[in-house]
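Have a look at protein.cif below; it lists mmCIF, C-alpha atoms and all ligand atoms.
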```cif
data_structure
#
loop_
_atom_site.label_atom_id
_atom_site.label_comp_id
_atom_site.auth_asym_id
_atom_site.auth_seq_id
_atom_site.Cartn_x
_atom_site.Cartn_y
_atom_site.Cartn_z
CA MET A 5 0.00 0.00 0.00
CA ASN A 6 1.31 3.37 -0.95
CA ILE A 7 1.25 5.38 2.24
CA ILE A 8 2.49 8.55 0.60
CA ASP A 9 -0.34 10.84 -0.37
CA ARG A 10 0.75 12.25 -3.70
CA ARG A 11 -2.14 14.62 -4.07
CA PRO A 12 -0.83 18.18 -4.32
CA SER A 13 -1.32 20.02 -1.06
CA PRO A 14 -3.74 22.94 -1.21
CA PRO A 15 -2.09 26.34 -1.53
CA ARG A 16 -1.03 27.56 1.89
CA LYS A 17 -2.33 30.86 3.13
CA PRO A 18 0.58 33.28 3.60
CA GLY A 19 1.50 33.51 7.29
CA PRO A 20 2.89 36.46 9.22
CA LEU A 21 6.44 35.09 9.00
CA ASP A 22 6.45 34.86 5.20
CA ALA A 23 7.57 38.42 4.78
CA LEU A 24 10.71 37.51 6.77
CA VAL A 25 11.80 34.94 4.24
CA PHE A 26 14.43 36.27 1.89
CA ASP A 27 15.38 34.23 -1.14
CA ALA A 28 19.15 34.12 -0.80
CA HIS A 29 19.54 32.90 -4.38
CA ARG A 30 17.63 35.76 -5.91
CA LEU A 31 19.68 37.34 -8.68
CA PRO A 32 20.04 41.12 -8.91
CA ASP A 33 17.78 41.32 -11.97
CA GLN A 34 14.93 39.57 -10.17
CA GLY A 35 13.75 42.71 -8.53
CA ILE A 36 14.22 44.16 -5.08
CA PRO A 37 12.42 43.19 -1.87
CA THR A 38 9.14 44.93 -1.22
CA LEU A 39 8.91 47.66 1.36
CA ALA A 40 6.82 45.31 3.54
CA GLN A 41 9.57 42.68 3.40
CA LEU A 42 12.25 45.22 4.30
CA GLN A 43 10.16 46.62 7.17
CA SER A 44 9.42 43.15 8.47
CA ARG A 45 13.08 42.19 8.29
CA ALA A 46 14.10 45.38 10.11
CA ASN A 47 11.50 44.65 12.81
CA HIS A 48 12.93 41.16 13.13
CA PHE A 49 16.47 42.48 13.60
CA ILE A 50 15.28 44.99 16.20
CA MET A 51 13.38 42.24 18.03
CA VAL A 52 16.49 40.03 18.03
CA ARG A 53 18.35 42.94 19.66
CA GLN A 54 15.80 42.56 22.51
CA ILE A 55 14.36 46.02 22.09
CA ARG A 56 10.82 46.16 23.46
CA SER A 57 9.20 48.64 21.15
CA SER A 58 10.10 50.04 17.78
CA GLY A 59 8.95 53.00 15.76
CA VAL A 60 11.69 52.49 13.18
CA VAL A 61 10.30 53.00 9.69
CA VAL A 62 11.98 51.71 6.53
CA LYS A 63 11.81 53.95 3.48
CA VAL A 64 12.89 53.32 -0.09
CA THR A 65 14.33 55.97 -2.41
CA ASP A 66 15.73 55.80 -5.95
CA ASP A 67 19.32 56.48 -4.84
CA PHE A 68 22.53 54.47 -4.68
CA ASP A 69 22.57 54.98 -0.94
CA ALA A 70 21.69 53.57 2.46
CA HIS A 71 21.52 55.47 5.71
CA ALA A 72 19.75 55.64 9.03
CA MET A 73 18.57 58.43 11.29
CA GLY A 74 17.31 57.49 14.71
CA GLY A 75 18.19 56.04 18.05
CA CYS A 76 17.23 53.83 20.91
CA PHE A 77 15.94 55.27 24.17
CA ASN A 78 17.27 53.49 27.24
CA GLY A 79 17.94 50.37 25.20
CA GLN A 80 14.17 49.74 25.19
CA ALA A 81 12.52 51.82 22.49
CA ALA A 82 13.96 52.28 19.04
CA TRP A 83 12.85 55.14 16.80
CA GLY A 84 13.80 56.69 13.51
CA GLU A 85 14.04 55.80 9.85
CA ILE A 86 16.18 53.59 7.70
CA VAL A 87 16.49 54.60 4.07
CA LEU A 88 17.51 52.16 1.36
CA GLY A 89 17.98 53.18 -2.26
CA LYS A 90 16.52 51.15 -5.12
CA THR A 91 19.56 51.76 -7.34
CA LEU A 92 21.80 50.36 -4.62
CA MET A 93 19.53 47.38 -3.93
CA SER A 94 19.26 46.58 -7.64
CA VAL A 95 22.96 45.61 -7.75
CA LEU A 96 22.88 43.60 -4.51
CA THR A 97 21.78 40.04 -3.83
CA ALA A 98 19.12 39.42 -1.19
CA ASP A 99 21.78 38.43 1.35
CA GLU A 100 23.73 41.62 0.60
CA ILE A 101 20.60 43.77 1.04
CA ASP A 102 20.06 41.92 4.30
CA PHE A 103 23.53 42.95 5.46
CA VAL A 104 23.03 46.60 4.49
CA LEU A 105 19.68 46.68 6.30
CA ALA A 106 21.17 45.03 9.42
CA HIS A 107 24.08 47.52 9.32
CA GLU A 108 21.63 50.43 9.41
CA VAL A 109 19.59 48.76 12.18
CA ILE A 110 22.75 48.59 14.33
CA HIS A 111 23.35 52.33 13.80
CA VAL A 112 19.86 52.93 15.23
CA THR A 113 19.78 50.37 18.06
CA GLU A 114 23.30 51.26 19.24
CA ASN A 115 22.32 54.93 19.38
CA HIS A 116 25.13 56.05 17.09
CA LEU A 117 23.44 59.34 16.21
CA ALA A 118 23.13 60.39 19.87
CA ASP A 119 26.75 59.47 20.51
CA ARG A 120 27.73 61.83 17.70
CA LEU A 121 25.70 64.73 19.09
CA PRO A 122 28.43 66.16 21.34
CA PHE A 123 30.51 66.66 18.20
CA SER A 124 27.88 67.60 15.64
CA ALA A 125 25.75 69.81 17.92
CA VAL A 126 28.70 71.76 19.31
CA ARG A 127 30.12 72.19 15.83
CA GLY A 128 26.72 73.29 14.55
CA LEU A 129 26.46 75.84 17.35
CA TYR A 130 29.92 77.23 16.62
CA ASP A 131 29.21 77.35 12.89
CA PHE A 132 26.07 79.37 13.71
CA ILE A 133 27.91 81.81 15.98
CA ALA A 134 30.66 82.11 13.37
CA LEU A 135 28.18 83.66 10.93
CA ASP A 136 28.33 86.87 12.99
CA GLU A 137 31.69 86.49 14.75
CA PRO A 138 34.77 86.52 12.51
CA ILE A 139 36.98 85.52 15.46
CA VAL A 140 34.96 82.30 15.91
CA GLN A 141 35.19 81.69 12.19
CA LEU A 142 38.96 82.03 12.43
CA GLY A 143 39.00 79.63 15.37
CA LEU A 144 37.03 77.01 13.41
CA MET A 145 39.38 77.35 10.46
CA GLY A 146 42.27 76.79 12.84
CA TYR A 147 40.56 73.72 14.26
CA ASP A 148 39.93 72.27 10.80
CA PHE A 149 43.55 72.94 9.88
CA TRP A 150 44.64 71.16 13.08
CA LYS A 151 42.48 68.17 12.12
CA VAL A 152 44.14 67.95 8.70
CA ILE A 153 47.58 68.03 10.35
CA GLN A 154 46.51 65.40 12.88
CA GLN A 155 45.19 63.21 10.09
CA ALA A 156 48.44 63.57 8.15
CA GLN A 157 50.33 62.42 11.23
CA GLY A 158 48.11 59.38 11.54
CA ASN A 159 46.13 60.66 14.55
CA MET A 160 42.45 60.62 13.83
CA PRO A 161 40.52 63.53 15.37
CA PRO A 162 37.90 62.42 17.95
CA ALA A 163 34.72 62.82 15.87
CA GLU A 164 36.26 60.96 12.94
CA ALA A 165 37.62 58.23 15.22
CA LEU A 166 34.08 57.78 16.57
CA THR A 167 32.64 57.51 13.05
CA ARG A 168 35.21 54.85 12.20
CA GLU A 169 34.37 52.96 15.39
CA GLN A 170 30.64 53.16 14.69
CA GLU A 171 31.01 51.88 11.12
CA LEU A 172 33.09 48.92 12.26
CA GLN A 173 30.59 48.22 15.05
CA ALA A 174 27.69 48.33 12.57
CA ASP A 175 29.51 45.99 10.16
CA ALA A 176 30.32 43.47 12.90
CA GLY A 177 26.82 43.71 14.41
CA ALA A 178 25.25 43.15 10.99
CA VAL A 179 27.36 40.04 10.41
CA ARG A 180 26.17 38.71 13.78
CA LEU A 181 22.52 39.58 13.01
CA THR A 182 22.54 37.97 9.56
CA GLY A 183 24.88 35.15 10.55
CA LYS A 184 26.92 35.61 7.38
CA LYS A 185 30.19 37.37 6.56
CA GLY A 186 30.38 36.60 2.82
CA PRO A 187 27.49 38.87 1.79
CA ALA A 188 28.93 41.66 3.98
CA VAL A 189 32.24 41.46 2.14
CA SER A 190 30.63 41.33 -1.31
CA ALA A 191 28.15 44.13 -0.53
CA LEU A 192 30.87 46.46 0.74
CA THR A 193 33.02 45.60 -2.28
CA LYS A 194 30.16 46.49 -4.64
CA LEU A 195 29.59 49.79 -2.85
CA VAL A 196 33.01 50.99 -4.00
CA GLY A 197 32.98 49.22 -7.37
CA GLY A 198 35.77 46.89 -6.23
CA ASP A 199 38.21 49.72 -5.48
CA MET A 200 39.68 48.83 -2.08
CA GLN A 201 41.50 52.18 -1.87
CA ALA A 202 38.18 54.01 -2.13
CA HIS A 203 36.86 55.94 0.82
CA SER A 204 34.34 53.72 2.57
CA HIS A 205 31.88 56.51 3.35
CA THR A 206 30.85 57.83 -0.03
CA TRP A 207 27.55 56.04 0.50
CA GLU A 208 26.83 57.40 3.96
CA ALA A 209 24.37 60.25 4.45
CA LEU A 210 26.49 62.13 6.97
CA THR A 211 29.28 62.89 4.57
CA VAL A 212 32.65 63.26 6.16
CA GLU A 213 35.08 65.26 4.11
CA MET A 214 38.27 63.56 5.21
CA PRO A 215 38.99 59.91 4.59
CA ILE A 216 38.21 57.93 7.71
CA MET A 217 39.23 54.59 6.31
CA SER A 218 39.53 52.86 3.00
CA MET A 219 37.19 50.02 2.11
CA GLY A 220 40.19 47.69 2.20
CA GLU A 221 40.85 48.67 5.82
CA ARG A 222 37.19 48.22 6.71
CA LEU A 223 37.14 44.72 5.23
CA ARG A 224 40.41 43.81 6.99
CA GLU A 225 38.77 44.74 10.31
CA LEU A 226 35.79 42.54 9.45
CA HIS A 227 38.04 39.57 8.69
CA ARG A 228 39.95 40.23 11.90
CA THR A 229 36.71 40.16 13.92
CA PHE A 230 35.38 37.01 12.23
CA PRO A 231 38.46 35.08 11.09
CA TRP A 232 36.67 31.74 10.85
CA TRP A 233 33.33 32.87 9.40
CA ALA A 234 32.27 32.27 5.84
ZN ZN B 301 27.12 52.92 8.39
#
```

Please go through the file and, once you have read it, give me the structure as structure tokens.
Ligand SMILES: [Zn+2]
Amino acid sequence: MNIIDRRPSPPRKPGPLDALVFDAHRLPDQGIPTLAQLQSRANHFIMVRQIRSSGVVVKVTDDFDAHAMGGCFNGQAAWGEIVLGKTLMSVLTADEIDFVLAHEVIHVTENHLADRLPFSAVRGLYDFIALDEPIVQLGLMGYDFWKVIQQAQGNMPPAEALTREQELQADAGAVRLTGKKGPAVSALTKLVGGDMQAHSHTWEALTVEMPIMSMGERLRELHRTFPWWA
């Protein structure tokens, strides 16, 4: 007696977890994930980070860009927005998009924006005062000049050192969230068109004028953190 029922099973109703499923073998020309899929995946990452509530909204633009603006209050409530560009996603595989999304989630959940405030807010205030006060303007020019000298001597100024630290933290956190290093390496390589000397931040929203690190350096740090991961 044939105990295997070969009748085709009736079509399954889509469940709430279906939006979480990414097809890792999807080729770049097979379209990009839907906004609902991206939002669901972001929610999943935030939940895995054990954050109780989230008001983080995913948005899609047409750009070759990915960035995040937001934070996490008291480690309990995440807020903000994550922006992913269609042009960028169109050249990435599903796993690579997953890495980029996880990278931006880490920026939000680790409160990277708030940690930058002491630098960006103070600088913004001084820039504002400098509009009316030539002496402050002169002081800021002196400070910028000092930063260039520091950079030339291999000493990264504090705000830039923090940016570097945050990027490396977001990369490592995203590899842990997605469980994969390979797509992180290939996504970051695509972001700079394979040029390992290229500045790694051309795709960040908060543009930093001086080179913080090359993509080659960023990938070396990733391999150093996960030497045995694929
Ligand atoms: Zn980043």

Requested in this report: Have a look at CA of Glu85 (chain A) and CA of Val61 (chain A) and let me know their distance in Å, one decimal.
Outcome: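 So the answer is 4.7 Å.
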
Query raised in the report: Looking at only C-alpha atoms, which of A:Ala165, A:Gln43, A:Gly220, A:Trp232 is the one that sits closest to Asp102 (chain A)?
Result: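 Of the candidates, the smallest distance to Asp102 (chain A) is held by A:Gln43.
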
Report task. Please write out the residues within 10 Å of ligand ZN 301 (chain B) as a list in words, counting all atoms listed in the file. Result -> Ala70, His71, Ala72, Val104, Leu105, Ala106, His107, Glu108, Val109, Ile110, His111, Val112, His116, Thr167, Arg168, Gln170, Glu171, Leu172, Gln173, Ala174, Asp175, Ser204, His205, Trp207, Glu208, Ala209 and Leu210 of chain A

Query raised in the report: Between A:Thr113, A:Ala134, A:Ser44, A:Ser94, which is the closest to Met73 (chain A) once you count all atoms listed in the file?
Result: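 Among the listed residues, the smallest separation from Met73 (chain A) belongs to A:Thr113.
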
**Report entry** Atom pair CA of Ala188 (chain A) / CA of Met219 (chain A): separation (Å)
**Finding:**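 That distance, rounded to one decimal, is 11.9 Å.
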
Query raised in the report: Pick the closest to Arg127 (chain A) from A:Glu225, A:Glu100, A:Asp148, A:Asp199: which is it, counting all atoms listed in the file?
Result: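 Result for the nearest residue to Arg127 (chain A): A:Asp148.
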
**Report entry** Between CA of Phe103 (chain A) and CA of Lys185 (chain A) - distance in Å to one decimal
**Finding:**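 Spanning CA of Lys185 (chain A) to CA of Phe103 (chain A) is a straight-line distance of 8.8 Å.
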
Query raised in the report: Which polymer residues have any atom within 8 Å of an atom of Gln80 (chain A), counting all atoms listed in the file, with same-chain residues fewer than 4 positions away left out, as a list in words?
Result: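 Near neighbours after the sequence-gap exclusion: Gln54, Ile55, Arg56, Ser57 and Cys76 of chain A.
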
Requested in this report: Mind checking which residues fall within 8 Å of Leu88 (chain A), counting only C-alpha atoms, ignoring those fewer than 3 positions away in the same chain, and posting them as a PyMOL selection string?
Outcome: chain A and resi 62-65+67+69-71+92-93+105

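When all atoms listed in the file are used to compute distances to Lys90 (chain A), the closest of the residues A:Ile133, A:Ala46, A:Ile36, A:Leu117 turns out to be A:Ile36.
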